[in-house]
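Engineer: Just one file: query_6.cif, with mmCIF, C-alpha atoms.
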```cif
data_run
loop_
_atom_site.label_atom_id
_atom_site.label_comp_id
_atom_site.auth_asym_id
_atom_site.auth_seq_id
_atom_site.Cartn_x
_atom_site.Cartn_y
_atom_site.Cartn_z
CA MET A 1 12.64 -3.33 17.55
CA LYS A 2 14.27 -6.70 18.27
CA ARG A 3 10.96 -8.02 19.58
CA TYR A 4 9.18 -7.08 16.33
CA LEU A 5 11.98 -8.53 14.22
CA SER A 6 11.81 -11.78 16.20
CA TYR A 7 8.09 -12.03 15.46
CA ILE A 8 8.55 -11.82 11.68
CA GLN A 9 11.26 -14.47 11.70
CA ARG A 10 11.19 -18.25 12.07
CA GLN A 11 9.72 -19.61 15.31
CA ASN A 12 11.84 -21.79 17.58
CA LEU A 13 9.59 -24.78 18.24
CA ASN A 14 10.23 -28.42 19.01
CA SER A 15 9.03 -31.12 16.65
CA LYS A 16 5.67 -31.68 18.36
CA GLU A 17 4.91 -27.96 18.65
CA LEU A 18 5.93 -27.41 15.03
CA ASN A 19 3.59 -30.12 13.71
CA GLU A 20 0.72 -28.77 15.81
CA GLU A 21 1.36 -25.23 14.59
CA LYS A 22 1.44 -26.39 10.97
CA ARG A 23 -1.78 -28.37 11.38
CA LYS A 24 -3.48 -25.32 12.88
CA ASP A 25 -2.27 -23.01 10.10
CA TYR A 26 -3.21 -25.50 7.37
CA ARG A 27 -6.73 -25.85 8.80
CA HIS A 28 -7.21 -22.10 9.06
CA ILE A 29 -5.96 -21.57 5.52
CA VAL A 30 -8.30 -24.23 4.10
CA MET A 31 -11.26 -22.64 5.87
CA LEU A 32 -10.30 -19.22 4.54
CA GLN A 33 -9.84 -20.62 1.04
CA VAL A 34 -13.34 -22.12 1.11
CA LEU A 35 -14.78 -18.78 2.26
CA ILE A 36 -12.82 -16.85 -0.39
CA ILE A 37 -13.97 -19.15 -3.19
CA ALA A 38 -17.57 -19.16 -1.92
CA SER A 39 -17.69 -15.37 -1.59
CA ALA A 40 -16.19 -14.93 -5.06
CA MET A 41 -18.58 -17.34 -6.76
CA LEU A 42 -21.80 -17.30 -4.73
CA LEU A 43 -22.20 -14.34 -2.37
CA LYS A 44 -23.23 -11.75 -4.97
CA GLU A 45 -25.84 -14.08 -6.46
CA ILE A 46 -27.19 -15.12 -3.03
CA LEU A 47 -27.62 -11.50 -2.00
CA PHE A 48 -29.32 -10.71 -5.31
CA ILE A 49 -31.77 -13.59 -4.82
CA ALA A 50 -32.42 -12.29 -1.31
CA GLY A 51 -33.52 -8.98 -2.82
CA VAL A 52 -30.42 -6.92 -2.06
CA SER A 53 -29.66 -4.31 -4.71
CA VAL A 54 -26.79 -4.89 -7.11
CA ALA A 55 -24.79 -2.00 -5.66
CA HIS A 56 -25.13 -3.22 -2.07
CA SER A 57 -24.45 -6.86 -3.00
CA ASN A 58 -21.28 -5.83 -4.84
CA LEU A 59 -20.17 -3.71 -1.90
CA THR A 60 -20.82 -6.49 0.63
CA ARG A 61 -19.01 -9.08 -1.46
CA ASP A 62 -16.02 -6.82 -2.10
CA LEU A 63 -15.62 -5.78 1.54
CA LEU A 64 -15.81 -9.40 2.71
CA PHE A 65 -13.48 -10.51 -0.08
CA LEU A 66 -10.84 -7.90 0.83
CA THR A 67 -11.05 -8.81 4.53
CA LEU A 68 -10.69 -12.52 3.83
CA GLY A 69 -7.89 -11.90 1.34
CA GLY A 70 -5.87 -9.79 3.76
CA THR A 71 -6.25 -12.38 6.51
CA TYR A 72 -5.38 -15.13 4.03
CA VAL A 73 -2.01 -13.76 2.95
CA PHE A 74 -0.91 -13.10 6.53
CA ILE A 75 -1.77 -16.66 7.60
CA LEU A 76 0.11 -17.94 4.53
CA TRP A 77 3.12 -16.00 5.73
CA ASP A 78 2.64 -17.29 9.28
CA LEU A 79 2.59 -20.85 7.91
CA LEU A 80 5.79 -20.16 5.99
CA ARG A 81 7.53 -19.36 9.29
CA ASN A 82 7.13 -23.07 10.13
CA LEU A 83 8.40 -24.29 6.77
CA THR A 84 11.65 -22.42 6.19
CA LYS A 85 14.68 -21.26 8.17
CA ASN A 86 15.39 -18.44 5.73
CA ASN A 87 14.74 -15.32 7.83
CA THR A 88 15.67 -13.05 4.92
CA LEU A 89 12.86 -14.59 2.89
CA LEU A 90 10.39 -14.23 5.76
CA VAL A 91 11.20 -10.56 6.39
CA SER A 92 11.16 -9.76 2.66
CA LEU A 93 7.77 -11.42 2.13
CA PHE A 94 6.34 -9.69 5.21
CA ILE A 95 7.36 -6.30 3.81
CA LEU A 96 6.01 -7.25 0.39
CA ILE A 97 2.66 -8.32 1.88
CA VAL A 98 2.26 -5.14 3.94
CA PHE A 99 3.16 -2.95 0.97
CA GLY A 100 0.91 -4.97 -1.37
CA LEU A 101 -2.08 -4.69 0.98
CA GLY A 102 -1.50 -0.96 1.27
CA VAL A 103 -1.59 -0.61 -2.51
CA ALA A 104 -4.68 -2.88 -2.66
CA PHE A 105 -6.50 -0.55 -0.25
CA PHE A 106 -6.27 2.25 -2.81
CA ALA A 107 -6.44 0.26 -6.05
CA ALA A 108 -9.36 -2.03 -5.13
CA ASN A 109 -11.24 0.07 -2.59
CA PRO A 110 -14.96 -0.76 -2.99
CA VAL A 111 -16.12 2.28 -1.01
CA TYR A 112 -14.20 5.10 -2.69
CA ASP A 113 -12.52 5.17 -6.11
CA PHE A 114 -9.19 6.98 -5.83
CA PHE A 115 -8.55 6.88 -9.60
CA ASP A 116 -10.01 8.85 -12.49
CA SER A 117 -10.07 5.88 -14.86
CA GLU A 118 -9.51 2.12 -14.93
CA ASN A 119 -6.36 2.54 -17.01
CA SER A 120 -4.76 4.63 -14.28
CA LYS A 121 -5.26 1.90 -11.67
CA ARG A 122 -4.04 -1.00 -13.83
CA PRO A 123 -0.33 -0.74 -12.81
CA TYR A 124 -1.31 -0.81 -9.13
CA LEU A 125 -3.64 -3.78 -9.58
CA PHE A 126 -0.88 -5.57 -11.49
CA PHE A 127 1.49 -5.02 -8.57
CA VAL A 128 -1.08 -6.31 -6.05
CA HIS A 129 -1.69 -9.53 -7.98
CA PHE A 130 2.02 -9.95 -8.63
CA CYS A 131 2.62 -9.78 -4.86
CA LEU A 132 -0.18 -12.26 -4.16
CA PHE A 133 0.97 -14.70 -6.85
CA THR A 134 4.59 -14.46 -5.61
CA VAL A 135 3.61 -15.22 -2.01
CA GLU A 136 1.36 -18.13 -3.02
CA THR A 137 4.00 -19.63 -5.32
CA ILE A 138 6.64 -19.55 -2.59
CA VAL A 139 4.25 -21.03 -0.02
CA ILE A 140 3.13 -23.78 -2.44
CA TYR A 141 6.77 -24.74 -3.06
CA HIS A 142 7.52 -25.06 0.66
CA CYS A 143 4.22 -26.83 1.38
CA VAL A 144 4.88 -29.43 -1.33
CA ASN A 145 8.35 -29.96 0.08
CA ASP A 146 6.87 -30.39 3.56
CA ILE A 147 4.22 -32.90 2.45
CA PHE A 148 6.52 -35.13 0.43
CA THR A 149 9.30 -35.33 3.02
CA GLY A 150 9.42 -36.78 6.52
CA LYS A 151 6.57 -38.91 7.78
CA LYS A 152 4.48 -40.40 5.01
CA LEU A 153 1.14 -39.91 6.72
CA SER A 154 0.17 -37.33 9.32
CA ALA A 155 -2.70 -34.98 10.03
CA GLU A 156 -0.87 -31.77 9.11
CA LYS A 157 0.10 -33.27 5.75
CA ILE A 158 -3.50 -34.14 4.91
CA TRP A 159 -4.61 -30.61 5.73
CA GLY A 160 -1.59 -29.35 3.83
CA ALA A 161 -2.61 -31.31 0.74
CA ALA A 162 -6.08 -29.71 0.78
CA CYS A 163 -4.43 -26.33 1.31
CA ILE A 164 -2.14 -26.77 -1.71
CA TYR A 165 -4.92 -27.97 -3.99
CA LEU A 166 -7.15 -24.99 -3.27
CA MET A 167 -4.16 -22.64 -3.37
CA ILE A 168 -3.40 -23.82 -6.90
CA GLY A 169 -6.86 -22.63 -7.95
CA ILE A 170 -6.60 -19.27 -6.17
CA SER A 171 -3.03 -18.59 -7.33
CA PHE A 172 -3.89 -19.28 -10.96
CA GLY A 173 -6.82 -16.92 -10.50
CA SER A 174 -4.25 -14.22 -9.72
CA LEU A 175 -2.21 -15.25 -12.75
CA TYR A 176 -5.25 -15.02 -15.04
CA ASP A 177 -6.07 -11.60 -13.66
CA LEU A 178 -2.49 -10.46 -14.29
CA VAL A 179 -3.00 -11.35 -17.95
CA ASN A 180 -6.43 -9.72 -17.95
CA ILE A 181 -4.96 -6.51 -16.54
CA VAL A 182 -2.32 -6.36 -19.28
CA GLN A 183 -4.83 -7.39 -21.97
CA PRO A 184 -8.36 -6.41 -20.82
CA GLY A 185 -11.04 -8.85 -21.95
CA SER A 186 -8.65 -11.79 -22.32
CA ILE A 187 -10.61 -13.77 -19.71
CA GLY A 188 -13.50 -13.87 -22.20
CA THR A 189 -15.68 -11.02 -20.97
CA ASN A 190 -15.29 -7.28 -20.41
CA LEU A 191 -15.21 -6.52 -16.69
CA SER A 192 -14.29 -3.67 -14.41
CA GLN A 193 -10.67 -3.93 -13.34
CA GLY A 194 -10.27 -4.93 -9.72
CA LEU A 195 -12.31 -7.28 -7.57
CA GLU A 196 -14.98 -7.83 -10.23
CA SER A 197 -12.36 -9.13 -12.65
CA TYR A 198 -10.53 -11.14 -9.98
CA THR A 199 -13.64 -12.99 -8.81
CA VAL A 200 -14.38 -14.09 -12.40
CA CYS A 201 -10.75 -15.22 -12.77
CA ILE A 202 -11.11 -17.34 -9.64
CA TYR A 203 -14.32 -18.79 -11.08
CA TYR A 204 -12.47 -19.66 -14.30
CA SER A 205 -9.59 -21.22 -12.34
CA MET A 206 -11.86 -23.36 -10.18
CA THR A 207 -13.72 -24.67 -13.23
CA ILE A 208 -10.36 -25.73 -14.67
CA ILE A 209 -9.27 -27.80 -11.66
CA GLY A 210 -12.87 -29.01 -11.20
CA GLY A 211 -12.99 -30.32 -14.77
CA HIS A 212 -16.00 -28.21 -15.80
CA ASP A 213 -16.65 -26.00 -18.83
CA SER A 214 -16.18 -22.37 -17.82
CA LEU A 215 -18.45 -21.09 -20.63
CA LEU A 216 -15.97 -18.24 -21.15
CA GLU A 217 -14.20 -17.78 -24.47
CA ALA A 218 -10.82 -16.87 -23.01
CA ALA A 219 -7.85 -15.70 -25.05
CA PRO A 220 -5.34 -18.37 -26.19
CA ILE A 221 -2.81 -17.45 -23.51
CA ILE A 222 -5.44 -17.93 -20.80
CA GLN A 223 -6.49 -21.25 -22.33
CA ASN A 224 -2.87 -22.44 -22.44
CA LEU A 225 -2.32 -21.43 -18.83
CA GLY A 226 -5.51 -23.33 -18.02
CA ILE A 227 -4.03 -26.48 -19.55
CA ILE A 228 -0.91 -26.04 -17.40
CA GLU A 229 -3.10 -25.59 -14.32
CA ALA A 230 -5.15 -28.69 -15.13
CA VAL A 231 -2.04 -30.82 -15.68
CA TRP A 232 -0.32 -29.54 -12.54
CA SER A 233 -3.37 -29.99 -10.30
CA ASN A 234 -4.02 -33.52 -11.60
CA LEU A 235 -0.36 -34.44 -11.26
CA PHE A 236 -0.41 -33.22 -7.67
CA VAL A 237 -3.46 -35.40 -6.92
CA VAL A 238 -1.78 -38.45 -8.48
CA LEU A 239 1.40 -37.94 -6.47
CA LEU A 240 -0.61 -37.29 -3.31
CA VAL A 241 -2.64 -40.48 -3.69
CA GLY A 242 0.56 -42.44 -4.14
CA ARG A 243 1.99 -40.78 -1.05
CA LEU A 244 -1.05 -41.47 1.12
CA LEU A 245 -1.34 -45.10 -0.01
CA SER A 246 2.29 -45.81 0.82
CA LYS A 247 3.12 -47.45 4.12
CA PRO A 248 3.58 -45.05 7.09
CA ASP A 249 7.05 -44.75 8.61
CA LYS A 250 5.87 -46.31 11.85
CA GLU A 251 3.00 -48.71 12.24
CA GLN A 252 2.02 -47.06 15.52
CA ASP A 253 1.73 -43.57 14.05
CA ALA A 254 -1.76 -42.28 14.63
CA ILE A 255 -3.48 -39.58 12.65
CA VAL A 256 -5.62 -37.12 14.58
CA ILE A 257 -7.30 -34.65 12.27
#
```
Can I see the file as structure tokens?
Structural biologist:
Amino acid sequence: MKRYLSYIQRQNLNSKELNEEKRKDYRHIVMLQVLIIASAMLLKEILFIAGVSVAHSNLTRDLLFLTLGGTYVFILWDLLRNLTKNNTLLVSLFILIVFGLGVAFFAANPVYDFFDSENSKRPYLFFVHFCLFTVETIVIYHCVNDIFTGKKLSAEKIWGAACIYLMIGISFGSLYDLVNIVQPGSIGTNLSQGLESYTVCIYYSMTIIGGHDSLLEAAPIIQNLGIIEAVWSNLFVVLLVGRLLSKPDKEQDAIVI
């Protein structure tokens, strides 16, 4: 039991090992984020063009999306072990993630529908996205704190900046889907609750931070949240550019990406 508890708590690493571990986690998260966004926005259409039936393309996308999403949240948590000394927070988030993924298995299962209607699964989907948004918000907070403290320029901070930027888009996708679960159709189109709705919410979120027109007539609350996302993401870029253009702490510091 002690061995398992020690795993889900903060790691005892020296400064060099800690920076290397953070760089590795940041890189892995960015790669997963790219795959998640690509699978949400492109995979279904690519499979359709390739001649795969709609049912099979939806199933393939959803299975891949769930696998990537589960891996993603666990690596986020693993990264958090290098960013905070609060073991209570780490253990609590680990339990929340495990419980949230268990609920997601039943609420968003693409193979078998455990519910009689979409309305009956809405509370469970709300809980899943609430868990995901909570984890991402906490990780973003600690990542921002990590990037804007200590050395002004290092490889793990550059990867961390990319990680935060993409995480803003994915986390707001969860927030939009939370609203869409409470008020179906608020994203601007009627969709099946679950992964179908979430992928469209990610699409909407990425168009916001990308500065493109989403072509969706979202409800006012979604539009207002989109403005907040756009301001926050642009503010982060401005602060990051200022950080990267500032003089490093030591002239001899080298950056190995």
Engineer: Excluding segment 142-149 of chain A and any residue of its chain fewer than 6 positions from it, enumerate the residues within 8 Å of it, using all atoms listed in the file, and give them as a VMD selection string.
Structural biologist: chain A and resid 80 83 to 84 157 160 to 161 164 243
Engineer: Can you pull out the residues contacting segment 175-190 of chain A? Cut-off 12 Å, using all atoms listed in the file, and skip same-chain residues under 3 positions away; I want them as a VMD selection string.
Structural biologist: chain A and resid 118 to 134 136 to 137 168 to 172 193 to 206 208 214 to 226 228 to 229
Engineer: Can you pull out the residues contacting Thr60 of chain A? Cut-off 10 Å, using all atoms listed in the file, and skip same-chain residues under 5 positions away; I want them as a list of chain:residue names.
Structural biologist: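 The contact residues come out as A:Ser39, A:Leu43, A:Lys44, A:Leu47, A:Val52, A:Val54, A:Ala55, A:Phe65, A:Pro110.
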Engineer: Go through A:Ile140, A:Val237, A:Leu68, A:Leu18 and flag the residue nearest Val34 of chain A, using only C-alpha atoms for the distances.
Structural biologist: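 Of all the options, A:Leu68 lies closest to Val34 of chain A.
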Engineer: In Å, how far is it from atom CA of Ala155 of chain A to atom CA of Lys24 of chain A?
Structural biologist: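 Separating atom CA of Ala155 of chain A from atom CA of Lys24 of chain A is a distance of 10.1 Å.
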Engineer: If you measure from atom CA of Leu42 of chain A to atom CA of Ser57 of chain A, what distance in Å do you get, rounded to one decimal?
Structural biologist: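 These atoms are spaced 10.9 Å apart.
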Engineer: Please determine an axis-aligned box that encloses all atoms of segment 177-180 of chain A listed in the file, with 4 Å added on each side, and express its centre and edge lengths in Å to one decimal as AutoDock Vina command-line options.
Structural biologist:
```
--center_x -4.5 --center_y -10.7 --center_z -15.8 --size_x 11.9 --size_y 9.9 --size_z 12.3
```
Engineer: Could you work out how far atom CA of Leu166 of chain A lies from atom CA of Ser233 of chain A, giving the answer in Å with one decimal?
Structural biologist: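 These two atoms are separated by 9.4 Å.
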Engineer: Compile the contact shell of Arg27 of chain A as a short mmCIF file (atom, residue, chain, number, x, y, z; two decimals) with C-alpha atoms, in the coordinates of the input: residues with an atom at most 9 Å away, counting all atoms listed in the file, same-chain residues fewer than 5 positions apart removed.
Structural biologist:
```
data_model
loop_
_atom_site.label_atom_id
_atom_site.label_comp_id
_atom_site.auth_asym_id
_atom_site.auth_seq_id
_atom_site.Cartn_x
_atom_site.Cartn_y
_atom_site.Cartn_z
CA LYS A 22 1.44 -26.39 10.97
CA LEU A 32 -10.30 -19.22 4.54
CA GLU A 156 -0.87 -31.77 9.11
CA TRP A 159 -4.61 -30.61 5.73
CA GLY A 160 -1.59 -29.35 3.83
CA ALA A 162 -6.08 -29.71 0.78
CA CYS A 163 -4.43 -26.33 1.31
#
```
Engineer: Can you tell me, as a CSV table (one decimal) with C-alpha atoms, in the coordinates of the input, what residues are no more than 9 Å from Phe106 of chain A when counting all atoms listed in the file, ignoring any on the same chain fewer than 5 positions away?
Structural biologist:
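Writing the result to result.csv gives the following:
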```
chain,number,residue,atom,x,y,z
A,101,LEU,CA,-2.1,-4.7,1.0
A,112,TYR,CA,-14.2,5.1,-2.7
A,113,ASP,CA,-12.5,5.2,-6.1
A,114,PHE,CA,-9.2,7.0,-5.8
A,115,PHE,CA,-8.6,6.9,-9.6
A,121,LYS,CA,-5.3,1.9,-11.7
A,124,TYR,CA,-1.3,-0.8,-9.1
```
Engineer: Go through A:Ser154, A:Asn87, A:Asn234, A:Asn109 and flag the residue nearest Asn58 of chain A, using all atoms listed in the file for the distances.
Structural biologist: A:Asn109
Engineer: Could you check which residues have any atom within 12 Å of (11.3, -10.7, 1.8), counting only C-alpha atoms with coordinates taken straight from the file, and then list them as a ChimeraX atom specification?
Structural biologist: /A:8-9,77,80,86-99,131,134-135,138
Engineer: Hey, which of A:Glu21, A:Val139, A:Ile209, A:Asn82 ends up closest to Gly173 of chain A? Count all atoms listed in the file.
Structural biologist: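 Result for the nearest residue to Gly173 of chain A: A:Ile209.
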Engineer: Kindly add N, CA and C atoms to the incomplete segment 48-66 of chain A and provide the output as a compact mmCIF listing (two decimals), in the coordinates of the input.
Structural biologist:
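In the end it all went to selection21.txt:
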```txt
# COMPACT_ATOMS: atom_id res chain seq x y z
N PHE A 48 -28.37 -11.17 -4.28
CA PHE A 48 -29.32 -10.71 -5.31
C PHE A 48 -30.64 -11.45 -5.21
N ILE A 49 -30.55 -12.79 -4.99
CA ILE A 49 -31.77 -13.59 -4.82
C ILE A 49 -32.54 -13.15 -3.58
N ALA A 50 -31.79 -12.73 -2.55
CA ALA A 50 -32.42 -12.29 -1.31
C ALA A 50 -33.05 -10.90 -1.44
N GLY A 51 -32.89 -10.27 -2.60
CA GLY A 51 -33.52 -8.98 -2.82
C GLY A 51 -32.63 -7.79 -2.56
N VAL A 52 -31.35 -8.02 -2.28
CA VAL A 52 -30.42 -6.92 -2.06
C VAL A 52 -30.07 -6.30 -3.41
N SER A 53 -29.97 -4.99 -3.45
CA SER A 53 -29.66 -4.31 -4.71
C SER A 53 -28.27 -4.70 -5.21
N VAL A 54 -28.07 -4.53 -6.50
CA VAL A 54 -26.79 -4.89 -7.11
C VAL A 54 -25.64 -4.12 -6.48
N ALA A 55 -25.85 -2.83 -6.24
CA ALA A 55 -24.79 -2.00 -5.66
C ALA A 55 -24.40 -2.49 -4.27
N HIS A 56 -25.41 -2.78 -3.44
CA HIS A 56 -25.13 -3.22 -2.07
C HIS A 56 -24.55 -4.64 -2.06
N SER A 57 -25.00 -5.51 -2.96
CA SER A 57 -24.45 -6.86 -3.00
C SER A 57 -22.99 -6.84 -3.44
N ASN A 58 -22.67 -5.97 -4.41
CA ASN A 58 -21.28 -5.83 -4.84
C ASN A 58 -20.41 -5.30 -3.71
N LEU A 59 -20.92 -4.31 -3.00
CA LEU A 59 -20.17 -3.71 -1.90
C LEU A 59 -19.93 -4.73 -0.80
N THR A 60 -20.96 -5.48 -0.43
CA THR A 60 -20.82 -6.49 0.63
C THR A 60 -19.82 -7.56 0.24
N ARG A 61 -19.95 -8.06 -1.00
CA ARG A 61 -19.01 -9.08 -1.46
C ARG A 61 -17.58 -8.56 -1.46
N ASP A 62 -17.37 -7.35 -1.97
CA ASP A 62 -16.02 -6.82 -2.10
C ASP A 62 -15.37 -6.55 -0.74
N LEU A 63 -16.16 -6.02 0.20
CA LEU A 63 -15.62 -5.78 1.54
C LEU A 63 -15.24 -7.09 2.22
N LEU A 64 -16.11 -8.10 2.12
CA LEU A 64 -15.81 -9.40 2.71
C LEU A 64 -14.61 -10.03 2.02
N PHE A 65 -14.56 -9.91 0.70
CA PHE A 65 -13.48 -10.51 -0.08
C PHE A 65 -12.14 -9.89 0.29
N LEU A 66 -12.09 -8.58 0.44
CA LEU A 66 -10.84 -7.90 0.83
C LEU A 66 -10.41 -8.30 2.24
```
